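K.L.:
This is structure.pdb (PDB, C-alpha atoms).
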```
ATOM      1  CA  MET A  10      32.365  16.288 -45.846
ATOM      2  CA  LYS A  11      33.112  19.553 -44.022
ATOM      3  CA  GLU A  12      29.416  20.456 -44.122
ATOM      4  CA  GLN A  13      28.456  17.098 -42.615
ATOM      5  CA  TRP A  14      30.919  17.511 -39.768
ATOM      6  CA  LEU A  15      29.566  21.002 -39.047
ATOM      7  CA  GLN A  16      26.087  19.459 -38.791
ATOM      8  CA  VAL A  17      27.439  16.801 -36.412
ATOM      9  CA  LEU A  18      29.064  19.519 -34.276
ATOM     10  CA  LYS A  19      25.765  21.393 -34.123
ATOM     11  CA  LEU A  20      24.036  18.287 -32.773
ATOM     12  CA  LEU A  21      26.786  17.660 -30.222
ATOM     13  CA  GLU A  22      26.635  21.266 -29.023
ATOM     14  CA  SER A  23      22.989  20.756 -28.070
ATOM     15  CA  ARG A  24      23.684  17.507 -26.176
ATOM     16  CA  ILE A  25      26.676  18.169 -23.941
ATOM     17  CA  SER A  26      27.724  20.955 -21.598
ATOM     18  CA  LYS A  27      28.835  24.189 -23.244
ATOM     19  CA  GLU A  28      32.150  24.112 -21.393
ATOM     20  CA  THR A  29      33.007  20.623 -22.623
ATOM     21  CA  PHE A  30      31.922  21.405 -26.184
ATOM     22  CA  TYR A  31      33.822  24.672 -26.585
ATOM     23  CA  VAL A  32      37.013  23.541 -24.843
ATOM     24  CA  TRP A  33      37.373  20.018 -26.274
ATOM     25  CA  ILE A  34      35.144  19.484 -29.321
ATOM     26  CA  LYS A  35      34.394  22.709 -31.216
ATOM     27  CA  GLY A  36      37.852  22.977 -32.760
ATOM     28  CA  THR A  37      37.956  19.412 -34.096
ATOM     29  CA  SER A  38      37.881  18.345 -37.733
ATOM     30  CA  ALA A  39      36.996  15.055 -39.401
ATOM     31  CA  HIS A  40      38.010  12.942 -42.376
ATOM     32  CA  VAL A  41      35.948  10.064 -43.752
ATOM     33  CA  GLU A  42      36.694   7.163 -46.069
ATOM     34  CA  ASP A  43      34.284   4.251 -46.628
ATOM     35  CA  ASN A  44      32.326   5.285 -43.534
ATOM     36  CA  ASN A  45      35.492   5.235 -41.421
ATOM     37  CA  TRP A  46      35.517   8.569 -39.621
ATOM     38  CA  THR A  47      38.756   9.988 -38.227
ATOM     39  CA  ILE A  48      38.177  12.769 -35.744
ATOM     40  CA  VAL A  49      41.199  15.050 -35.430
ATOM     41  CA  VAL A  50      41.723  16.829 -32.094
ATOM     42  CA  THR A  51      44.359  19.326 -31.031
ATOM     43  CA  ASN A  52      46.002  17.471 -28.135
ATOM     44  CA  GLU A  53      46.340  14.194 -26.268
ATOM     45  CA  PHE A  54      44.055  15.252 -23.420
ATOM     46  CA  ALA A  55      41.207  15.902 -25.850
ATOM     47  CA  ARG A  56      41.765  12.518 -27.502
ATOM     48  CA  VAL A  57      41.538  10.683 -24.176
ATOM     49  CA  LEU A  58      38.455  12.628 -23.105
ATOM     50  CA  LEU A  59      36.576  11.947 -26.357
ATOM     51  CA  GLU A  60      37.557   8.272 -26.526
ATOM     52  CA  GLU A  61      36.488   7.586 -22.947
ATOM     53  CA  ASN A  62      33.262   9.612 -22.882
ATOM     54  CA  TYR A  63      31.878  10.750 -26.200
ATOM     55  CA  VAL A  64      32.437   8.134 -28.916
ATOM     56  CA  GLU A  65      28.865   6.828 -28.699
ATOM     57  CA  LEU A  66      27.396  10.332 -28.793
ATOM     58  CA  ILE A  67      29.498  11.162 -31.853
ATOM     59  CA  LYS A  68      28.404   7.944 -33.561
ATOM     60  CA  GLU A  69      24.743   8.716 -32.916
ATOM     61  CA  ALA A  70      25.125  12.253 -34.260
ATOM     62  CA  ILE A  71      26.849  11.006 -37.425
ATOM     63  CA  PHE A  72      24.116   8.408 -37.903
ATOM     64  CA  GLU A  73      21.437  11.087 -37.674
ATOM     65  CA  ILE A  74      23.190  13.134 -40.351
ATOM     66  CA  THR A  75      24.269  10.336 -42.725
ATOM     67  CA  ASN A  76      21.878   7.490 -41.867
ATOM     68  CA  GLU A  77      24.939   5.197 -41.691
ATOM     69  CA  ARG A  78      26.589   3.594 -38.661
ATOM     70  CA  PRO A  79      30.181   4.897 -38.647
ATOM     71  CA  ASN A  80      33.461   3.488 -37.410
ATOM     72  CA  ILE A  81      35.230   6.078 -35.275
ATOM     73  CA  SER A  82      38.888   6.712 -34.565
ATOM     74  CA  ILE A  83      40.334   9.745 -32.821
ATOM     75  CA  MET A  84      43.815  11.096 -33.397
ATOM     76  CA  THR A  85      45.789  14.159 -32.410
ATOM     77  CA  GLU A  86      46.691  16.740 -35.012
ATOM     78  CA  LYS A  87      50.142  17.316 -33.587
ATOM     79  CA  SER A  88      51.941  17.332 -30.277
ATOM     80  CA  SER A  89      50.865  20.234 -28.100
ATOM     81  CA  SER A  90      53.370  22.304 -26.208
ATOM     82  CA  LEU A  91      53.248  22.284 -22.429
ATOM     83  CA  ASN A  92      52.225  25.954 -22.322
ATOM     84  CA  THR A  93      49.301  25.338 -24.675
ATOM     85  CA  ILE A  94      48.043  22.456 -22.545
ATOM     86  CA  ILE A  95      48.377  24.451 -19.326
ATOM     87  CA  GLN A  96      46.483  27.381 -20.848
ATOM     88  CA  LEU A  97      43.723  25.001 -21.864
ATOM     89  CA  ILE A  98      43.530  23.334 -18.449
ATOM     90  CA  ASP A  99      43.446  26.722 -16.730
ATOM     91  CA  THR A 100      40.023  27.333 -18.327
ATOM     92  CA  LEU A 101      38.503  24.268 -16.617
ATOM     93  CA  SER A 102      36.705  24.069 -13.307
ATOM     94  CA  THR A 103      38.297  22.092 -10.479
ATOM     95  CA  ALA A 104      35.789  19.273 -10.915
ATOM     96  CA  ASP A 105      36.505  19.011 -14.649
ATOM     97  CA  ARG A 106      40.253  18.979 -14.056
ATOM     98  CA  GLU A 107      39.879  16.163 -11.540
ATOM     99  CA  HIS A 108      37.618  14.300 -13.950
ATOM    100  CA  LEU A 109      40.257  14.637 -16.660
ATOM    101  CA  PHE A 110      42.884  13.181 -14.329
ATOM    102  CA  SER A 111      40.585  10.248 -13.637
ATOM    103  CA  LEU A 112      40.297   9.629 -17.368
ATOM    104  CA  LEU A 113      44.069   9.719 -17.842
ATOM    105  CA  ILE A 114      44.631   7.395 -14.891
ATOM    106  CA  GLN A 115      42.091   4.959 -16.300
ATOM    107  CA  ARG A 116      43.665   5.167 -19.743
ATOM    108  CA  TYR A 117      47.244   4.536 -18.726
ATOM    109  CA  THR A 118      46.983   2.411 -15.571
ATOM    110  CA  ASN A 119      43.778   0.433 -16.318
ATOM    111  CA  GLU A 120      42.196   1.661 -13.082
ATOM    112  CA  PRO A 121      38.396   2.141 -13.124
ATOM    113  CA  LEU A 122      37.081   5.612 -13.872
ATOM    114  CA  ARG A 123      36.244   7.314 -10.590
ATOM    115  CA  ILE A 124      35.023  10.800  -9.728
ATOM    116  CA  PRO A 125      37.001  11.868  -6.648
ATOM    117  CA  LEU A 126      35.244  13.141  -3.547
ATOM    118  CA  GLN A 127      35.494  16.893  -3.031
ATOM    119  CA  ILE A 128      37.370  17.171   0.258
ATOM    120  CA  HIS A 129      36.024  20.673   0.968
ATOM    121  CA  TYR A 130      32.455  19.305   1.041
ATOM    122  CA  THR A 131      32.155  18.358   4.709
ATOM    123  CA  PHE A 132      29.452  18.525   7.350
ATOM    124  CA  ASP A 133      31.407  21.268   9.145
ATOM    125  CA  ASP A 134      31.257  23.442   6.030
ATOM    126  CA  PHE A 135      27.559  22.838   5.417
ATOM    127  CA  THR A 136      25.429  25.682   6.759
ATOM    128  CA  GLU A 137      22.407  24.346   8.597
ATOM    129  CA  LYS A 138      19.177  26.132   7.648
ATOM    130  CA  GLU A 139      15.515  25.583   8.297
ATOM    131  CA  GLY A 140      14.989  23.966   4.899
ATOM    132  CA  ASN A 141      17.826  21.414   5.154
ATOM    133  CA  ILE A 142      17.824  20.267   8.789
ATOM    134  CA  ILE A 143      16.158  16.908   8.147
ATOM    135  CA  ALA A 144      18.353  16.120   5.136
ATOM    136  CA  LEU A 145      21.488  17.082   7.065
ATOM    137  CA  GLN A 146      20.603  14.934  10.079
ATOM    138  CA  ALA A 147      19.722  11.960   7.847
ATOM    139  CA  ALA A 148      23.067  12.333   6.045
ATOM    140  CA  LYS A 149      24.969  12.428   9.348
ATOM    141  CA  THR A 150      23.096   9.361  10.569
ATOM    142  CA  ILE A 151      24.098   7.441   7.439
ATOM    143  CA  ALA A 152      27.734   8.533   7.736
ATOM    144  CA  ASN A 153      27.907   7.364  11.345
ATOM    145  CA  SER A 154      26.079   4.066  10.866
ATOM    146  CA  LEU A 155      26.132   2.606   7.358
ATOM    147  CA  CYS A 156      23.165   0.341   6.574
ATOM    148  CA  ASN A 157      21.770   0.592  10.098
ATOM    149  CA  ALA A 158      19.336   3.437   9.452
ATOM    150  CA  TYR A 159      17.926   4.390   6.052
ATOM    151  CA  ASN A 160      18.790   2.385   2.965
ATOM    152  CA  PRO A 161      18.507   3.836   0.459
ATOM    153  CA  LEU A 162      18.554   7.471   1.481
ATOM    154  CA  HIS A 163      17.111   9.763  -1.186
ATOM    155  CA  ILE A 164      17.797  13.511  -0.984
ATOM    156  CA  TYR A 165      15.947  15.687  -3.469
ATOM    157  CA  GLY A 166      15.550  19.397  -4.172
ATOM    158  CA  GLU A 167      16.184  21.998  -6.824
ATOM    159  CA  SER A 168      19.639  22.695  -8.206
ATOM    160  CA  GLY A 169      22.061  24.517  -5.912
ATOM    161  CA  VAL A 170      20.538  23.691  -2.519
ATOM    162  CA  GLY A 171      23.369  21.442  -1.310
ATOM    163  CA  LYS A 172      22.497  17.877  -2.379
ATOM    164  CA  THR A 173      25.893  17.189  -3.914
ATOM    165  CA  HIS A 174      27.601  18.766  -0.892
ATOM    166  CA  LEU A 175      25.793  16.325   1.412
ATOM    167  CA  LEU A 176      26.677  13.310  -0.752
ATOM    168  CA  HIS A 177      30.364  14.201  -0.656
ATOM    169  CA  ALA A 178      30.179  15.021   3.061
ATOM    170  CA  ILE A 179      28.803  11.542   3.785
ATOM    171  CA  GLY A 180      31.617   9.959   1.787
ATOM    172  CA  ASN A 181      34.301  12.105   3.413
ATOM    173  CA  GLU A 182      32.984  11.330   6.914
ATOM    174  CA  VAL A 183      32.877   7.577   6.230
ATOM    175  CA  LEU A 184      36.456   7.564   4.927
ATOM    176  CA  ALA A 185      37.651   9.677   7.846
ATOM    177  CA  LYS A 186      36.357   6.983  10.201
ATOM    178  CA  ASP A 187      37.539   4.017   8.113
ATOM    179  CA  ALA A 188      39.824   4.628   5.146
ATOM    180  CA  SER A 189      39.429   1.004   4.012
ATOM    181  CA  LYS A 190      35.801   1.578   2.987
ATOM    182  CA  ASN A 191      35.162   1.553  -0.753
ATOM    183  CA  VAL A 192      33.228   4.767  -1.396
ATOM    184  CA  ILE A 193      32.104   5.400  -4.967
ATOM    185  CA  TYR A 194      30.580   8.691  -6.071
ATOM    186  CA  THR A 195      29.065   8.914  -9.540
ATOM    187  CA  THR A 196      26.551  10.936 -11.488
ATOM    188  CA  ALA A 197      23.837   9.422 -13.654
ATOM    189  CA  GLU A 198      25.547  10.852 -16.739
ATOM    190  CA  GLN A 199      28.916   9.352 -15.854
ATOM    191  CA  PHE A 200      27.292   6.055 -14.914
ATOM    192  CA  SER A 201      25.464   5.950 -18.260
ATOM    193  CA  ASN A 202      28.638   6.736 -20.220
ATOM    194  CA  HIS A 203      30.516   4.067 -18.273
ATOM    195  CA  TYR A 204      27.785   1.540 -19.065
ATOM    196  CA  LEU A 205      27.768   2.343 -22.795
ATOM    197  CA  GLU A 206      31.553   2.086 -23.012
ATOM    198  CA  SER A 207      31.581  -1.192 -21.047
ATOM    199  CA  ASP A 208      28.877  -2.607 -23.301
ATOM    200  CA  ARG A 209      30.875  -1.617 -26.374
ATOM    201  CA  LYS A 210      33.948  -3.387 -24.994
ATOM    202  CA  ASN A 211      31.952  -6.464 -23.821
ATOM    203  CA  GLN A 212      32.941  -5.673 -20.231
ATOM    204  CA  LEU A 213      29.549  -5.545 -18.515
ATOM    205  CA  ASP A 214      30.617  -8.075 -15.885
ATOM    206  CA  GLN A 215      33.483  -5.785 -14.850
ATOM    207  CA  PHE A 216      31.133  -2.797 -14.929
ATOM    208  CA  GLN A 217      28.658  -4.482 -12.582
ATOM    209  CA  ALA A 218      31.409  -5.742 -10.284
ATOM    210  CA  TYR A 219      32.963  -2.288  -9.986
ATOM    211  CA  TYR A 220      29.834  -0.638  -8.555
ATOM    212  CA  ALA A 221      28.694  -3.716  -6.625
ATOM    213  CA  SER A 222      32.031  -3.706  -4.770
ATOM    214  CA  SER A 223      31.222  -0.421  -3.041
ATOM    215  CA  ASP A 224      30.515  -0.170   0.671
ATOM    216  CA  LEU A 225      28.852   3.167   0.001
ATOM    217  CA  LEU A 226      27.451   4.179  -3.388
ATOM    218  CA  LEU A 227      26.703   7.892  -3.775
ATOM    219  CA  PHE A 228      24.596   8.416  -6.901
ATOM    220  CA  ASP A 229      23.957  12.009  -7.985
ATOM    221  CA  ASP A 230      21.403  13.496 -10.427
ATOM    222  CA  ILE A 231      19.473  10.256 -10.737
ATOM    223  CA  GLN A 232      16.731  12.095 -12.631
ATOM    224  CA  ASP A 233      19.104  12.011 -15.612
ATOM    225  CA  LEU A 234      18.327   8.298 -15.986
ATOM    226  CA  ASP A 235      14.919   9.467 -17.230
ATOM    227  CA  GLY A 236      14.102   7.438 -20.366
ATOM    228  CA  ARG A 237      17.340   5.430 -20.351
ATOM    229  CA  GLU A 238      15.766   2.013 -19.906
ATOM    230  CA  ASP A 239      18.897  -0.102 -20.407
ATOM    231  CA  THR A 240      20.906   2.032 -18.006
ATOM    232  CA  GLN A 241      18.102   1.884 -15.432
ATOM    233  CA  GLU A 242      18.135  -1.902 -15.700
ATOM    234  CA  GLN A 243      21.873  -1.959 -15.009
ATOM    235  CA  PHE A 244      21.401   0.312 -12.010
ATOM    236  CA  LEU A 245      18.610  -1.895 -10.654
ATOM    237  CA  ARG A 246      20.881  -4.948 -10.743
ATOM    238  CA  ILE A 247      23.598  -3.107  -8.859
ATOM    239  CA  PHE A 248      21.021  -1.667  -6.453
ATOM    240  CA  LYS A 249      19.735  -5.169  -5.622
ATOM    241  CA  GLN A 250      23.261  -6.573  -5.165
ATOM    242  CA  LEU A 251      24.220  -3.807  -2.775
ATOM    243  CA  LEU A 252      21.088  -4.146  -0.666
ATOM    244  CA  ASP A 253      21.425  -7.939  -0.589
ATOM    245  CA  ASN A 254      24.984  -7.489   0.686
ATOM    246  CA  SER A 255      23.969  -4.850   3.268
ATOM    247  CA  LYS A 256      25.802  -2.035   1.529
ATOM    248  CA  GLN A 257      24.668   1.594   1.726
ATOM    249  CA  ILE A 258      23.126   3.586  -1.144
ATOM    250  CA  VAL A 259      22.512   7.334  -1.141
ATOM    251  CA  ILE A 260      20.959   9.047  -4.146
ATOM    252  CA  ALA A 261      20.201  12.658  -5.004
ATOM    253  CA  SER A 262      17.882  14.198  -7.568
ATOM    254  CA  GLU A 263      16.273  17.501  -8.438
ATOM    255  CA  GLN A 264      12.780  16.026  -8.004
ATOM    256  CA  ASN A 265      11.021  13.352  -6.057
ATOM    257  CA  LEU A 266      11.100  10.317  -8.340
ATOM    258  CA  GLU A 267       7.293  10.375  -8.451
ATOM    259  CA  GLN A 268       7.693  13.481 -10.620
ATOM    260  CA  VAL A 269      10.179  11.949 -13.077
ATOM    261  CA  ALA A 270       8.196  10.672 -16.045
ATOM    262  CA  ASN A 271      10.294   7.850 -17.479
ATOM    263  CA  ILE A 272      11.685   6.121 -14.400
ATOM    264  CA  SER A 273      10.680   2.471 -14.079
ATOM    265  CA  ASP A 274       8.030   1.548 -11.519
ATOM    266  CA  THR A 275      10.417  -1.061 -10.112
ATOM    267  CA  LEU A 276      12.974   1.623  -9.386
ATOM    268  CA  ARG A 277      10.385   3.854  -7.724
ATOM    269  CA  THR A 278       9.223   0.944  -5.549
ATOM    270  CA  ARG A 279      12.764   0.113  -4.444
ATOM    271  CA  PHE A 280      13.421   3.715  -3.375
ATOM    272  CA  LYS A 281      10.235   3.801  -1.306
ATOM    273  CA  ARG A 282      11.757   1.187   0.999
ATOM    274  CA  GLY A 283      14.191   3.753   2.319
ATOM    275  CA  LEU A 284      13.862   7.396   3.340
ATOM    276  CA  ALA A 285      13.207  10.299   0.968
ATOM    277  CA  VAL A 286      13.838  13.818   2.287
ATOM    278  CA  ASP A 287      13.568  17.109   0.472
ATOM    279  CA  ILE A 288      15.969  20.008   0.860
ATOM    280  CA  THR A 289      14.663  23.475   0.079
ATOM    281  CA  ALA A 290      16.419  26.589  -1.146
ATOM    282  CA  ASN A 291      18.286  28.694   1.389
ATOM    283  CA  GLU A 292      20.644  31.616   1.318
ATOM    284  CA  THR A 293      24.133  31.051  -0.061
ATOM    285  CA  GLN A 294      26.484  28.837   1.919
ATOM    286  CA  ASP A 295      28.989  30.518   4.228
ATOM    287  CA  ALA A 296      31.602  32.575   2.348
ATOM    288  CA  ARG A 297      34.379  30.589   4.009
ATOM    289  CA  ILE A 298      33.449  27.666   1.766
ATOM    290  CA  GLU A 299      34.109  29.758  -1.339
ATOM    291  CA  LEU A 300      37.516  30.759   0.026
ATOM    292  CA  LYS A 301      38.415  27.115   0.646
ATOM    293  CA  GLN A 302      37.308  26.248  -2.875
ATOM    294  CA  VAL A 303      39.620  28.918  -4.342
ATOM    295  CA  GLU A 304      42.531  27.699  -2.223
ATOM    296  CA  LYS A 305      41.881  24.127  -3.300
ATOM    297  CA  MET A 306      41.761  25.130  -6.982
ATOM    298  CA  GLU A 307      45.160  26.815  -6.650
ATOM    299  CA  LYS A 308      46.664  23.694  -5.079
ATOM    300  CA  ASP A 309      45.044  21.476  -7.706
ATOM    301  CA  LEU A 310      46.437  23.583 -10.538
ATOM    302  CA  LYS A 311      49.952  23.338  -9.120
ATOM    303  CA  LYS A 312      49.631  19.553  -8.915
ATOM    304  CA  LEU A 313      48.146  19.490 -12.403
ATOM    305  CA  LYS A 314      51.102  21.295 -13.938
ATOM    306  CA  GLU A 315      53.453  18.806 -12.261
ATOM    307  CA  ARG A 316      51.428  15.884 -13.628
ATOM    308  CA  ILE A 317      51.360  17.371 -17.134
ATOM    309  CA  LEU A 318      55.159  17.481 -17.138
ATOM    310  CA  GLU A 319      55.251  13.842 -16.087
ATOM    311  CA  PHE A 320      52.558  12.913 -18.620
ATOM    312  CA  GLU A 321      54.367  14.580 -21.534
ATOM    313  CA  SER A 322      57.645  12.885 -20.635
ATOM    314  CA  ARG A 323      55.903   9.483 -20.545
ATOM    315  CA  THR A 324      54.132   9.956 -23.858
ATOM    316  CA  LYS A 325      57.023  11.309 -25.942
ATOM    317  CA  GLY A 326      57.370   9.260 -29.084
ATOM    318  CA  MET A 327      53.884   7.728 -28.823
ATOM    319  CA  LYS A 328      52.700   9.503 -31.981
TER
END
```
Could you show the structure in this file as structure tokens?
P.N.:
Amino acid sequence: MKEQWLQVLKLLESRISKETFYVWIKGTSAHVEDNNWTIVVTNEFARVLLEENYVELIKEAIFEITNERPNISIMTEKSSSLNTIIQLIDTLSTADREHLFSLLIQRYTNEPLRIPLQIHYTFDDFTEKEGNIIALQAAKTIANSLCNAYNPLHIYGESGVGKTHLLHAIGNEVLAKDASKNVIYTTAEQFSNHYLESDRKNQLDQFQAYYASSDLLLFDDIQDLDGREDTQEQFLRIFKQLLDNSKQIVIASEQNLEQVANISDTLRTRFKRGLAVDITANETQDARIELKQVEKMEKDLKKLKERILEFESRTKGMK
């Protein structure tokens, strides 16, 4: 049994980010009885994270090792002390901490999972360079006039050139002008995980309605839908609903979709109806952005520690 779980862990290590694996999954253990697998984690945060994001991946890994479809449950080994949890959270990036909060909010308030916009990603903090002028101007045009210019807008370029910054800047600008707008930012990976979980719970109608309700859908790393036919089909339905309802879509990818092998022709055709602009590599963004990011992380950590205290007080006696 222990050997099988080590094999499962090896598969998972190759399929998810190193940070996620080593912080949340590497130290887990498993018990099995009649193909009922109990995954034991060290704390409540890890249990929520695995249940909301990685159950299907774990099932697939177990199937590859055992050739049997398992039933999965996840439980905590014992209650973690506040200091242990804080030490663990301190190792996470700001984005991962915010993602974890989103998971906890979804778990305990039934609100939809949502990746928050990064407030430090604004147009003012985006350094204009020769290689990004067109993308920047297109993004500003969208932010100032939803659905009246380019729909969809597709920004593509290699990793680290500012695509995600522009997506968040559009969202932040739209909300600054009208806080009632429903702005949803997601990545292809998060979208896919959300779809799989909704399918498992027979909640595809709610899944579709959640994204179709957006006034502005910001969809990052769309190249990660490569080969995921069912997920692409779900995205196409949402895409069509949004366009039919005159709602704005902005996507980002590391390549022009013509270069992504396993993207459906229908999806490629739909994107051609809008504007595709590339953004090329430039020197590092202004150092003042990095300073703001550090300041934001410090504020986030302070808020996090306050929320952990509240979370532990609410969950006492649950186990």
K.L.:
Hey, what comes out of the PyMOL selection byres ((chain A and resi 164-170) around 6) on this file? Could you write it as a PyMOL selection string?
P.N.:
chain A and resi 163+171+261-264+285-290
K.L.:
Draw an axis-aligned box over all listed atoms of range 52-60 of chain A, pad each side with 4 Å, and write its centre and edge lengths in Å, one decimal, as lines of an AutoDock Vina configuration file.
P.N.:
```
center_x = 41.5
center_y = 12.9
center_z = -25.6
size_x = 17.8
size_y = 17.2
size_z = 13.0
```
K.L.:
Do you know which residues the PyMOL selection byres ((chain A and resi 195-199) around 10) returns on this file, as an MDAnalysis selection string?
P.N.:
chainID A and resid 62 122:126 173 193:194 200:205 220 226:235 240:241 244 260:262
K.L.:
Considering all atoms listed in the file, can you say which of A:Lys172, A:Glu182, A:Ile48, A:Ile128 comes closest to Ser154 in chain A?
P.N.:
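Between A:Lys172, A:Glu182, A:Ile48, A:Ile128, the residue approaching Ser154 in chain A most closely is A:Glu182.
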K.L.:
Evaluate the PyMOL selection byres ((chain A and resi 12) around 12) on the structure here and hand back the selected residues as a list of chain:residue names.
P.N.:
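Taken over the shown coordinates, the PyMOL selection byres ((chain A and resi 12) around 12) returns A:Met10, A:Lys11, A:Gln13, A:Trp14, A:Leu15, A:Gln16, A:Val17, A:Leu18, A:Lys19, A:Ser38, A:Ala39, A:His40, A:Ile71, A:Ile74, A:Thr75.
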K.L.:
Name all residues at most 9 Å from Arg282 in chain A (count all atoms listed in the file; drop same-chain ones fewer than 6 positions away) and give them as a list in words.
P.N.:
Tyr159, Asn160 and Pro161 of chain A
K.L.:
Compile a residue-level contact table for range 229-288 of chain A against range 206-218 of chain A at a cut-off of 10 Å, reporting for every qualifying residue the shortest atom pair and its distance in Å to one decimal, with only C-alpha atoms counted, rows ordered by chain and ascending number, as a tab-separated table.
P.N.:
```
residue	atom	partner	partner_atom	distance
A:Gln243	CA	A:Gln217	CA	7.6
A:Phe244	CA	A:Gln217	CA	8.7
A:Arg246	CA	A:Gln217	CA	8.0
A:Ile247	CA	A:Gln217	CA	6.4
A:Gln250	CA	A:Gln217	CA	9.4
```
